[in-house]
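Below is query-v1.json, holding JSON, C-alpha atoms.
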```json
[["chain", "number", "residue", "atom", "x", "y", "z"],
["J", 394, "MET", "CA", 71.69, 76.42, 95.06],
["J", 395, "SER", "CA", 68.43, 76.64, 93.07],
["J", 396, "ASP", "CA", 65.02, 76.35, 94.71],
["J", 397, "ILE", "CA", 64.44, 73.06, 92.91],
["J", 398, "GLU", "CA", 67.71, 71.59, 94.13],
["J", 399, "GLU", "CA", 66.84, 72.69, 97.65],
["J", 400, "GLN", "CA", 63.44, 70.94, 97.34],
["J", 401, "ILE", "CA", 65.12, 67.76, 96.12],
["J", 402, "ARG", "CA", 67.66, 67.80, 98.94],
["J", 403, "GLN", "CA", 64.79, 68.08, 101.41],
["J", 404, "ILE", "CA", 63.44, 64.77, 100.05],
["J", 405, "PHE", "CA", 66.69, 63.12, 101.02],
["J", 406, "GLU", "CA", 66.62, 64.71, 104.46],
["J", 407, "GLY", "CA", 63.17, 63.14, 104.75],
["J", 408, "TYR", "CA", 64.66, 59.80, 103.73],
["J", 409, "LYS", "CA", 67.23, 59.99, 106.57],
["J", 410, "THR", "CA", 64.60, 60.89, 109.15],
["J", 411, "ALA", "CA", 62.12, 58.21, 108.03],
["J", 412, "VAL", "CA", 64.78, 55.50, 108.18],
["J", 413, "PHE", "CA", 66.09, 56.65, 111.59],
["J", 414, "GLU", "CA", 62.52, 56.67, 112.96],
["J", 415, "LYS", "CA", 61.67, 53.40, 111.15],
["J", 416, "ASN", "CA", 58.52, 55.15, 109.95],
["J", 417, "VAL", "CA", 57.18, 53.07, 107.06],
["J", 418, "GLU", "CA", 54.50, 55.55, 105.97],
["J", 419, "ALA", "CA", 56.82, 58.57, 106.11],
["J", 420, "PHE", "CA", 59.33, 56.62, 104.06],
["J", 421, "LEU", "CA", 56.76, 55.50, 101.48],
["J", 422, "ALA", "CA", 55.42, 59.06, 101.19],
["J", 423, "LEU", "CA", 58.68, 59.93, 99.40],
["J", 424, "TYR", "CA", 57.73, 57.61, 96.53],
["J", 425, "ASP", "CA", 55.32, 57.74, 93.61],
["J", 426, "GLU", "CA", 52.47, 55.19, 93.53],
["J", 427, "ASN", "CA", 53.98, 53.65, 90.40],
["J", 428, "ILE", "CA", 57.50, 53.43, 91.77],
["J", 429, "HIS", "CA", 59.89, 51.16, 89.88],
["J", 430, "LEU", "CA", 63.03, 50.05, 91.74],
["J", 431, "PHE", "CA", 66.21, 48.21, 91.04],
["J", 432, "ASP", "CA", 67.09, 47.48, 94.67],
["J", 433, "MET", "CA", 70.48, 46.09, 95.69],
["J", 434, "TRP", "CA", 69.13, 42.98, 97.40],
["J", 435, "GLU", "CA", 67.57, 39.71, 96.18],
["J", 436, "LYS", "CA", 65.02, 40.81, 93.58],
["J", 437, "TRP", "CA", 65.60, 41.99, 90.02],
["J", 438, "SER", "CA", 62.97, 44.72, 90.40],
["J", 439, "TYR", "CA", 60.05, 46.07, 92.43],
["J", 440, "ASN", "CA", 56.99, 47.51, 90.71],
["J", 441, "GLY", "CA", 54.47, 49.65, 92.56],
["J", 442, "LYS", "CA", 54.20, 50.94, 96.09],
["J", 443, "ASP", "CA", 52.63, 47.78, 97.53],
["J", 444, "ALA", "CA", 55.66, 45.67, 96.60],
["J", 445, "TRP", "CA", 57.95, 48.36, 98.01],
["J", 446, "ARG", "CA", 55.87, 48.66, 101.20],
["J", 447, "GLU", "CA", 56.42, 44.96, 101.88],
["J", 448, "MET", "CA", 60.19, 45.31, 101.51],
["J", 449, "VAL", "CA", 60.37, 48.44, 103.66],
["J", 450, "SER", "CA", 58.13, 46.94, 106.38],
["J", 451, "ASN", "CA", 60.33, 43.86, 106.52],
["J", 452, "TRP", "CA", 63.49, 45.97, 106.65],
["J", 453, "PHE", "CA", 62.32, 48.24, 109.48],
["J", 454, "GLY", "CA", 60.65, 45.32, 111.27],
["J", 455, "SER", "CA", 63.89, 43.31, 111.25],
["J", 456, "LEU", "CA", 65.84, 45.99, 113.13],
["J", 457, "GLY", "CA", 64.56, 45.32, 116.64],
["J", 458, "ASP", "CA", 66.18, 47.82, 119.03],
["J", 459, "GLU", "CA", 68.67, 48.97, 116.42],
["J", 460, "LYS", "CA", 68.41, 52.22, 114.51],
["J", 461, "VAL", "CA", 69.92, 53.05, 111.15],
["J", 462, "VAL", "CA", 71.72, 56.33, 110.53],
["J", 463, "VAL", "CA", 71.81, 57.30, 106.84],
["J", 464, "ASP", "CA", 74.39, 59.65, 105.37],
["J", 465, "PHE", "CA", 74.67, 60.86, 101.80],
["J", 466, "ASP", "CA", 78.05, 61.72, 100.31],
["J", 467, "SER", "CA", 78.60, 63.61, 97.02],
["J", 468, "LEU", "CA", 74.86, 63.95, 96.45],
["J", 469, "THR", "CA", 74.42, 65.53, 93.01],
["J", 470, "VAL", "CA", 71.17, 66.91, 91.60],
["J", 471, "THR", "CA", 70.35, 67.54, 87.93],
["J", 472, "ALA", "CA", 66.90, 69.04, 87.63],
["J", 473, "THR", "CA", 64.38, 70.84, 85.49],
["J", 474, "ASN", "CA", 60.93, 71.98, 86.64],
["J", 475, "GLU", "CA", 59.44, 68.54, 86.05],
["J", 476, "ILE", "CA", 62.12, 65.86, 86.41],
["J", 477, "ALA", "CA", 65.16, 65.54, 88.66],
["J", 478, "VAL", "CA", 67.96, 63.00, 88.73],
["J", 479, "VAL", "CA", 70.04, 62.39, 91.84],
["J", 480, "HIS", "CA", 73.11, 60.25, 92.32],
["J", 481, "THR", "CA", 74.89, 59.81, 95.61],
["J", 482, "PHE", "CA", 76.92, 57.50, 97.78],
["J", 483, "VAL", "CA", 75.04, 56.31, 100.85],
["J", 484, "THR", "CA", 76.24, 55.07, 104.22],
["J", 485, "TYR", "CA", 73.85, 52.95, 106.28],
["J", 486, "LYS", "CA", 75.16, 52.72, 109.84],
["J", 487, "ALA", "CA", 73.38, 50.46, 112.34],
["J", 488, "VAL", "CA", 73.54, 51.69, 115.94],
["J", 489, "ALA", "CA", 72.49, 49.93, 119.13],
["J", 490, "SER", "CA", 69.96, 51.42, 121.55],
["J", 491, "ASN", "CA", 72.92, 52.87, 123.53],
["J", 492, "GLY", "CA", 74.20, 54.62, 120.39],
["J", 493, "ASN", "CA", 77.14, 52.27, 119.79],
["J", 494, "GLU", "CA", 77.92, 51.63, 116.13],
["J", 495, "LEU", "CA", 77.27, 47.98, 115.22],
["J", 496, "ARG", "CA", 78.13, 47.88, 111.51],
["J", 497, "SER", "CA", 78.15, 50.06, 108.46],
["J", 498, "MET", "CA", 77.97, 49.68, 104.70],
["J", 499, "ASN", "CA", 78.11, 51.83, 101.61],
["J", 500, "ASN", "CA", 75.76, 51.82, 98.62],
["J", 501, "ARG", "CA", 75.52, 53.77, 95.40],
["J", 502, "LEU", "CA", 72.11, 55.25, 94.79],
["J", 503, "THR", "CA", 70.41, 56.82, 91.77],
["J", 504, "ALA", "CA", 66.94, 58.32, 92.13],
["J", 505, "ALA", "CA", 64.66, 59.90, 89.53],
["J", 506, "LEU", "CA", 61.94, 62.23, 90.76],
["J", 507, "LYS", "CA", 59.01, 63.97, 89.15],
["J", 508, "LYS", "CA", 56.63, 66.62, 90.38],
["J", 509, "SER", "CA", 53.08, 65.41, 90.89],
["J", 510, "ASN", "CA", 50.48, 67.73, 92.42],
["J", 511, "GLY", "CA", 53.22, 70.16, 93.35],
["J", 512, "THR", "CA", 55.29, 67.63, 95.28],
["J", 513, "TRP", "CA", 58.47, 65.81, 94.25],
["J", 514, "LYS", "CA", 58.17, 62.01, 94.36],
["J", 515, "ILE", "CA", 60.73, 59.33, 93.58],
["J", 516, "PHE", "CA", 59.44, 57.31, 90.62],
["J", 517, "HIS", "CA", 62.57, 55.25, 89.98],
["J", 518, "GLU", "CA", 65.43, 54.20, 92.24],
["J", 519, "HIS", "CA", 68.51, 52.07, 91.67],
["J", 520, "SER", "CA", 70.92, 50.98, 94.40],
["J", 521, "SER", "CA", 73.98, 48.77, 94.19],
["J", 522, "ALA", "CA", 77.60, 48.14, 95.12],
["J", 523, "PRO", "CA", 80.37, 47.25, 92.66],
["J", 524, "LEU", "CA", 81.24, 43.61, 91.98],
["J", 525, "ASP", "CA", 84.57, 41.82, 91.94],
["J", 526, "GLY", "CA", 84.90, 40.44, 88.40],
["J", 527, "ASN", "CA", 86.38, 37.14, 89.57],
["J", 528, "THR", "CA", 84.20, 36.25, 92.54],
["J", 529, "LEU", "CA", 81.02, 38.19, 91.60],
["J", 530, "LYS", "CA", 80.99, 39.34, 95.24],
["J", 531, "ALA", "CA", 80.05, 42.88, 96.13],
["J", 532, "THR", "CA", 82.25, 45.25, 98.07],
["J", 533, "LEU", "CA", 80.23, 47.10, 100.70],
["J", 534, "GLN", "CA", 82.98, 49.43, 101.91],
["J", 535, "ARG", "CA", 83.86, 52.27, 99.60],
["J", 536, "GLN", "CA", 87.61, 52.74, 99.11],
["W", 814, "MET", "CA", 55.14, 56.91, 71.12],
["W", 815, "SER", "CA", 56.25, 60.54, 71.46],
["W", 816, "ASP", "CA", 59.00, 62.03, 69.29],
["W", 817, "ILE", "CA", 61.20, 62.39, 72.36],
["W", 818, "GLU", "CA", 60.76, 58.76, 73.36],
["W", 819, "GLU", "CA", 61.60, 57.74, 69.80],
["W", 820, "GLN", "CA", 64.79, 59.85, 69.95],
["W", 821, "ILE", "CA", 65.77, 58.24, 73.25],
["W", 822, "ARG", "CA", 65.15, 54.73, 71.94],
["W", 823, "GLN", "CA", 67.43, 55.52, 69.00],
["W", 824, "ILE", "CA", 70.24, 56.20, 71.49],
["W", 825, "PHE", "CA", 69.85, 52.67, 72.77],
["W", 826, "GLU", "CA", 69.83, 51.26, 69.25],
["W", 827, "GLY", "CA", 73.12, 53.13, 68.83],
["W", 828, "TYR", "CA", 74.39, 51.48, 72.01],
["W", 829, "LYS", "CA", 73.65, 48.00, 70.60],
["W", 830, "THR", "CA", 75.35, 48.76, 67.30],
["W", 831, "ALA", "CA", 78.42, 50.35, 68.88],
["W", 832, "VAL", "CA", 78.94, 47.35, 71.18],
["W", 833, "PHE", "CA", 78.39, 44.80, 68.40],
["W", 834, "GLU", "CA", 80.92, 46.66, 66.21],
["W", 835, "LYS", "CA", 83.27, 47.25, 69.18],
["W", 836, "ASN", "CA", 83.45, 50.86, 68.07],
["W", 837, "VAL", "CA", 84.85, 52.82, 71.02],
["W", 838, "GLU", "CA", 84.24, 56.28, 69.53],
["W", 839, "ALA", "CA", 80.67, 55.50, 68.41],
["W", 840, "PHE", "CA", 79.99, 54.17, 71.91],
["W", 841, "LEU", "CA", 81.50, 57.19, 73.65],
["W", 842, "ALA", "CA", 79.55, 59.55, 71.37],
["W", 843, "LEU", "CA", 76.41, 58.47, 73.26],
["W", 844, "TYR", "CA", 77.78, 60.05, 76.46],
["W", 845, "ASP", "CA", 78.17, 63.57, 77.79],
["W", 846, "GLU", "CA", 81.71, 64.86, 78.41],
["W", 847, "ASN", "CA", 80.97, 65.04, 82.13],
["W", 848, "ILE", "CA", 79.50, 61.56, 82.37],
["W", 849, "HIS", "CA", 79.17, 60.10, 85.87],
["W", 850, "LEU", "CA", 78.74, 56.33, 86.12],
["W", 851, "PHE", "CA", 78.01, 53.75, 88.73],
["W", 852, "ASP", "CA", 79.18, 50.74, 86.71],
["W", 853, "MET", "CA", 78.55, 47.17, 87.84],
["W", 854, "TRP", "CA", 82.19, 46.13, 87.93],
["W", 855, "GLU", "CA", 85.14, 46.87, 90.24],
["W", 856, "LYS", "CA", 85.00, 50.64, 90.73],
["W", 857, "TRP", "CA", 82.64, 52.68, 92.89],
["W", 858, "SER", "CA", 82.29, 55.34, 90.18],
["W", 859, "TYR", "CA", 83.67, 56.78, 86.96],
["W", 860, "ASN", "CA", 83.85, 60.54, 86.43],
["W", 861, "GLY", "CA", 84.33, 62.05, 82.98],
["W", 862, "LYS", "CA", 84.67, 60.65, 79.49],
["W", 863, "ASP", "CA", 88.40, 59.91, 79.74],
["W", 864, "ALA", "CA", 87.89, 57.50, 82.63],
["W", 865, "TRP", "CA", 84.99, 55.89, 80.77],
["W", 866, "ARG", "CA", 87.02, 55.68, 77.53],
["W", 867, "GLU", "CA", 89.65, 53.64, 79.32],
["W", 868, "MET", "CA", 87.04, 51.17, 80.63],
["W", 869, "VAL", "CA", 85.32, 50.84, 77.24],
["W", 870, "SER", "CA", 88.61, 50.44, 75.36],
["W", 871, "ASN", "CA", 89.67, 47.68, 77.74],
["W", 872, "TRP", "CA", 86.27, 45.96, 77.42],
["W", 873, "PHE", "CA", 86.17, 45.98, 73.63],
["W", 874, "GLY", "CA", 89.88, 45.19, 73.42],
["W", 875, "SER", "CA", 89.47, 42.12, 75.65],
["W", 876, "LEU", "CA", 86.94, 40.50, 73.33],
["W", 877, "GLY", "CA", 89.34, 39.19, 70.66],
["W", 878, "ASP", "CA", 87.27, 37.45, 67.95],
["W", 879, "GLU", "CA", 84.12, 37.49, 70.04],
["W", 880, "LYS", "CA", 81.26, 39.88, 69.50],
["W", 881, "VAL", "CA", 78.67, 40.99, 72.04],
["W", 882, "VAL", "CA", 74.97, 41.12, 71.17],
["W", 883, "VAL", "CA", 73.04, 43.52, 73.41],
["W", 884, "ASP", "CA", 69.30, 43.27, 73.98],
["W", 885, "PHE", "CA", 67.08, 45.53, 76.07],
["W", 886, "ASP", "CA", 63.98, 44.17, 77.77],
["W", 887, "SER", "CA", 61.19, 46.32, 79.31],
["W", 888, "LEU", "CA", 62.97, 49.54, 78.34],
["W", 889, "THR", "CA", 60.95, 52.38, 79.87],
["W", 890, "VAL", "CA", 61.38, 56.08, 79.09],
["W", 891, "THR", "CA", 60.23, 59.02, 81.22],
["W", 892, "ALA", "CA", 61.05, 62.27, 79.46],
["W", 893, "THR", "CA", 60.51, 65.99, 79.20],
["W", 894, "ASN", "CA", 62.07, 68.26, 76.56],
["W", 895, "GLU", "CA", 65.31, 68.53, 78.51],
["W", 896, "ILE", "CA", 65.84, 65.44, 80.67],
["W", 897, "ALA", "CA", 65.01, 61.78, 80.14],
["W", 898, "VAL", "CA", 65.27, 58.81, 82.48],
["W", 899, "VAL", "CA", 65.48, 55.25, 81.15],
["W", 900, "HIS", "CA", 65.42, 51.97, 83.01],
["W", 901, "THR", "CA", 65.75, 48.60, 81.38],
["W", 902, "PHE", "CA", 66.96, 45.05, 81.75],
["W", 903, "VAL", "CA", 69.94, 44.27, 79.52],
["W", 904, "THR", "CA", 71.24, 41.00, 78.11],
["W", 905, "TYR", "CA", 74.87, 40.87, 77.01],
["W", 906, "LYS", "CA", 75.43, 37.75, 74.89],
["W", 907, "ALA", "CA", 78.94, 36.86, 73.76],
["W", 908, "VAL", "CA", 79.08, 35.07, 70.41],
["W", 909, "ALA", "CA", 82.04, 33.40, 68.68],
["W", 910, "SER", "CA", 83.19, 34.40, 65.19],
["W", 911, "ASN", "CA", 81.01, 31.55, 63.81],
["W", 912, "GLY", "CA", 77.94, 33.01, 65.56],
["W", 913, "ASN", "CA", 77.76, 30.36, 68.32],
["W", 914, "GLU", "CA", 76.62, 31.68, 71.69],
["W", 915, "LEU", "CA", 79.40, 31.45, 74.28],
["W", 916, "ARG", "CA", 77.79, 32.95, 77.39],
["W", 917, "SER", "CA", 75.18, 35.43, 78.42],
["W", 918, "MET", "CA", 74.37, 37.62, 81.41],
["W", 919, "ASN", "CA", 71.70, 40.04, 82.53],
["W", 920, "ASN", "CA", 72.12, 43.49, 84.02],
["W", 921, "ARG", "CA", 69.80, 46.21, 85.23],
["W", 922, "LEU", "CA", 70.51, 49.60, 83.74],
["W", 923, "THR", "CA", 69.37, 53.13, 84.56],
["W", 924, "ALA", "CA", 70.41, 56.00, 82.30],
["W", 925, "ALA", "CA", 69.75, 59.73, 82.59],
["W", 926, "LEU", "CA", 70.04, 61.84, 79.46],
["W", 927, "LYS", "CA", 69.95, 65.53, 78.71],
["W", 928, "LYS", "CA", 69.79, 67.45, 75.49],
["W", 929, "SER", "CA", 72.94, 69.39, 74.66],
["W", 930, "ASN", "CA", 73.23, 71.21, 71.33],
["W", 931, "GLY", "CA", 70.10, 69.48, 70.12],
["W", 932, "THR", "CA", 71.38, 65.96, 70.82],
["W", 933, "TRP", "CA", 70.54, 63.59, 73.66],
["W", 934, "LYS", "CA", 73.55, 62.47, 75.66],
["W", 935, "ILE", "CA", 73.78, 60.11, 78.63],
["W", 936, "PHE", "CA", 75.11, 62.11, 81.61],
["W", 937, "HIS", "CA", 74.59, 59.45, 84.29],
["W", 938, "GLU", "CA", 74.40, 55.67, 84.11],
["W", 939, "HIS", "CA", 73.98, 52.99, 86.77],
["W", 940, "SER", "CA", 74.25, 49.25, 86.12],
["W", 941, "SER", "CA", 74.01, 46.35, 88.54],
["W", 942, "ALA", "CA", 72.65, 42.92, 89.37],
["W", 943, "PRO", "CA", 70.89, 41.99, 92.63],
["W", 944, "LEU", "CA", 72.87, 40.50, 95.52],
["W", 945, "ASP", "CA", 72.21, 37.46, 97.64],
["W", 946, "GLY", "CA", 71.91, 38.76, 101.20],
["W", 947, "ASN", "CA", 73.86, 35.87, 102.72],
["W", 948, "THR", "CA", 76.76, 35.47, 100.30],
["W", 949, "LEU", "CA", 76.88, 39.04, 98.86],
["W", 950, "LYS", "CA", 77.23, 37.34, 95.47],
["W", 951, "ALA", "CA", 75.44, 38.73, 92.44],
["W", 952, "THR", "CA", 73.01, 36.74, 90.32],
["W", 953, "LEU", "CA", 73.66, 37.40, 86.64],
["W", 954, "GLN", "CA", 70.71, 35.43, 85.25],
["W", 955, "ARG", "CA", 67.34, 37.08, 85.62],
["W", 956, "GLN", "CA", 64.62, 34.76, 86.92]]
```

If you convert what's in this file into structure tokens, what do you get?
Amino acid sequence: MSDIEEQIRQIFEGYKTAVFEKNVEAFLALYDENIHLFDMWEKWSYNGKDAWREMVSNWFGSLGDEKVVVDFDSLTVTATNEIAVVHTFVTYKAVASNGNELRSMNNRLTAALKKSNGTWKIFHEHSSAPLDGNTLKATLQRQ
Amino acid sequence: MSDIEEQIRQIFEGYKTAVFEKNVEAFLALYDENIHLFDMWEKWSYNGKDAWREMVSNWFGSLGDEKVVVDFDSLTVTATNEIAVVHTFVTYKAVASNGNELRSMNNRLTAALKKSNGTWKIFHEHSSAPLDGNTLKATLQRQ
């Protein structure tokens, strides 16, 4: 594995930790100030870290005693010195304060990163799940 | 606009033309052999041009006398000499053989391109529409 790929994978380890700890600032530190997102839920797009901070704060704030365990499957990195592209399947698993699994869903995630001041930051992210062509409903469990 | 950005935008002009002409080979020529896609419909992912060819052939073949007009809105390019990342809103408008509009939908699209043998090719693509958190149904009209 190249040094760059190792650096990129560390970003996604940071993502898992920040979500598990519900640490808004640690989570946002993974992103560029001018982040642009196509997020899976509700809105067509988010522009800028302030809009993203509001979403992330609401998400973590809504969890109460629950924690969310993130896992990446088939995470693939394509990178040069300046830009990296990542695509991966994601599992978000909600666990109760006693560790019991409450529910789980899969997403597909694409992230584009660039190096600014020596550090990789996500400047674009796209998450989704595939739709049934008849009902327009998403499937949240990967077959 | 930089030369690279101009080259990338030409790829998306090629996308519009290939869809309007329902030209499977011209469409597939925009993609790398090892294309990986998170497409909006049905499947969690497509790997490789053969899998993508089947989807595109079925799509174009299903259109009968209809044609599809593609428009990109807010298309944004982030590029170096080797890798480019594009995100854009897309409108797919189906028109009858007399030019009348039949229906229209919006998507969000992310594409990652790399230069191989001097030509930009899409090696990863992700398309989706945002979901309603209660119903899990997608909205296909951008507000």

Taking a cut-off of 6 Å and counting only C-alpha atoms, can you build a table that, for each residue of chain W near chain J, reports the nearest atom pair and how far apart they are in Å (one decimal), sorted by chain then residue number, as JSON lines?
```
{"residue": "W:Met853", "atom": "CA", "partner": "J:Pro523", "partner_atom": "CA", "distance": 5.2}
{"residue": "W:Trp854", "atom": "CA", "partner": "J:Leu524", "partner_atom": "CA", "distance": 4.9}
{"residue": "W:Glu855", "atom": "CA", "partner": "J:Asp525", "partner_atom": "CA", "distance": 5.4}
{"residue": "W:Trp857", "atom": "CA", "partner": "J:Pro523", "partner_atom": "CA", "distance": 5.9}
{"residue": "W:Pro943", "atom": "CA", "partner": "J:Met433", "partner_atom": "CA", "distance": 5.1}
{"residue": "W:Leu944", "atom": "CA", "partner": "J:Trp434", "partner_atom": "CA", "distance": 4.9}
{"residue": "W:Asp945", "atom": "CA", "partner": "J:Glu435", "partner_atom": "CA", "distance": 5.4}
{"residue": "W:Leu949", "atom": "CA", "partner": "J:Lys530", "partner_atom": "CA", "distance": 5.5}
{"residue": "W:Lys950", "atom": "CA", "partner": "J:Lys530", "partner_atom": "CA", "distance": 4.3}
{"residue": "W:Ala951", "atom": "CA", "partner": "J:Leu529", "partner_atom": "CA", "distance": 5.7}
```

* Which residues, written as a list in words, have at least one atom at most 9 Å from range 484-494 of chain J, with all atoms listed in the file counted and residues fewer than 2 positions away on the same chain left out? ->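 Non-adjacent residues within range: Leu456, Asp458, Glu459, Lys460, Val461, Val462, Val463, Asp464, Phe465, Asp466, Phe482, Arg496, Ser497, Met498, Asn499, Asn500 and Arg501 of chain J.
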
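Minimum atom-to-atom distance to Leu841 in chain W, evaluated using all atoms listed in the file, belongs to W:Arg866 out of W:Lys829, W:Lys928, W:Arg866, W:Arg822.
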
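Minimum atom-to-atom distance to Ser887 in chain W, evaluated using all atoms listed in the file, belongs to W:Val903 out of W:Glu838, W:Val903, W:Lys934, W:Asp863.
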
* Record the distance separating CA of Ser450 in chain J and CA of Leu495 in chain J, expressed in Å with one decimal. => 21.1 Å

* Asked: CA of Ile935 in chain W and CA of Ala864 in chain W, how far apart in Å?
  ->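 So the two atoms, CA of Ala864 in chain W and CA of Ile935 in chain W, lie 14.9 Å apart.
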
* Mind pulling up the distance from CA of Val470 in chain J to CA of Glu398 in chain J? ->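 CA of Val470 in chain J lies 6.3 Å from CA of Glu398 in chain J.
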
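Omitting range 453-455 of chain J and its sequence neighbours fewer than 4 positions away, and counting all atoms listed in the file, the residues within 9 Å are J:Val412, J:Lys415, J:Asn416, J:Val417, J:Met448, J:Val449, J:Lys460.
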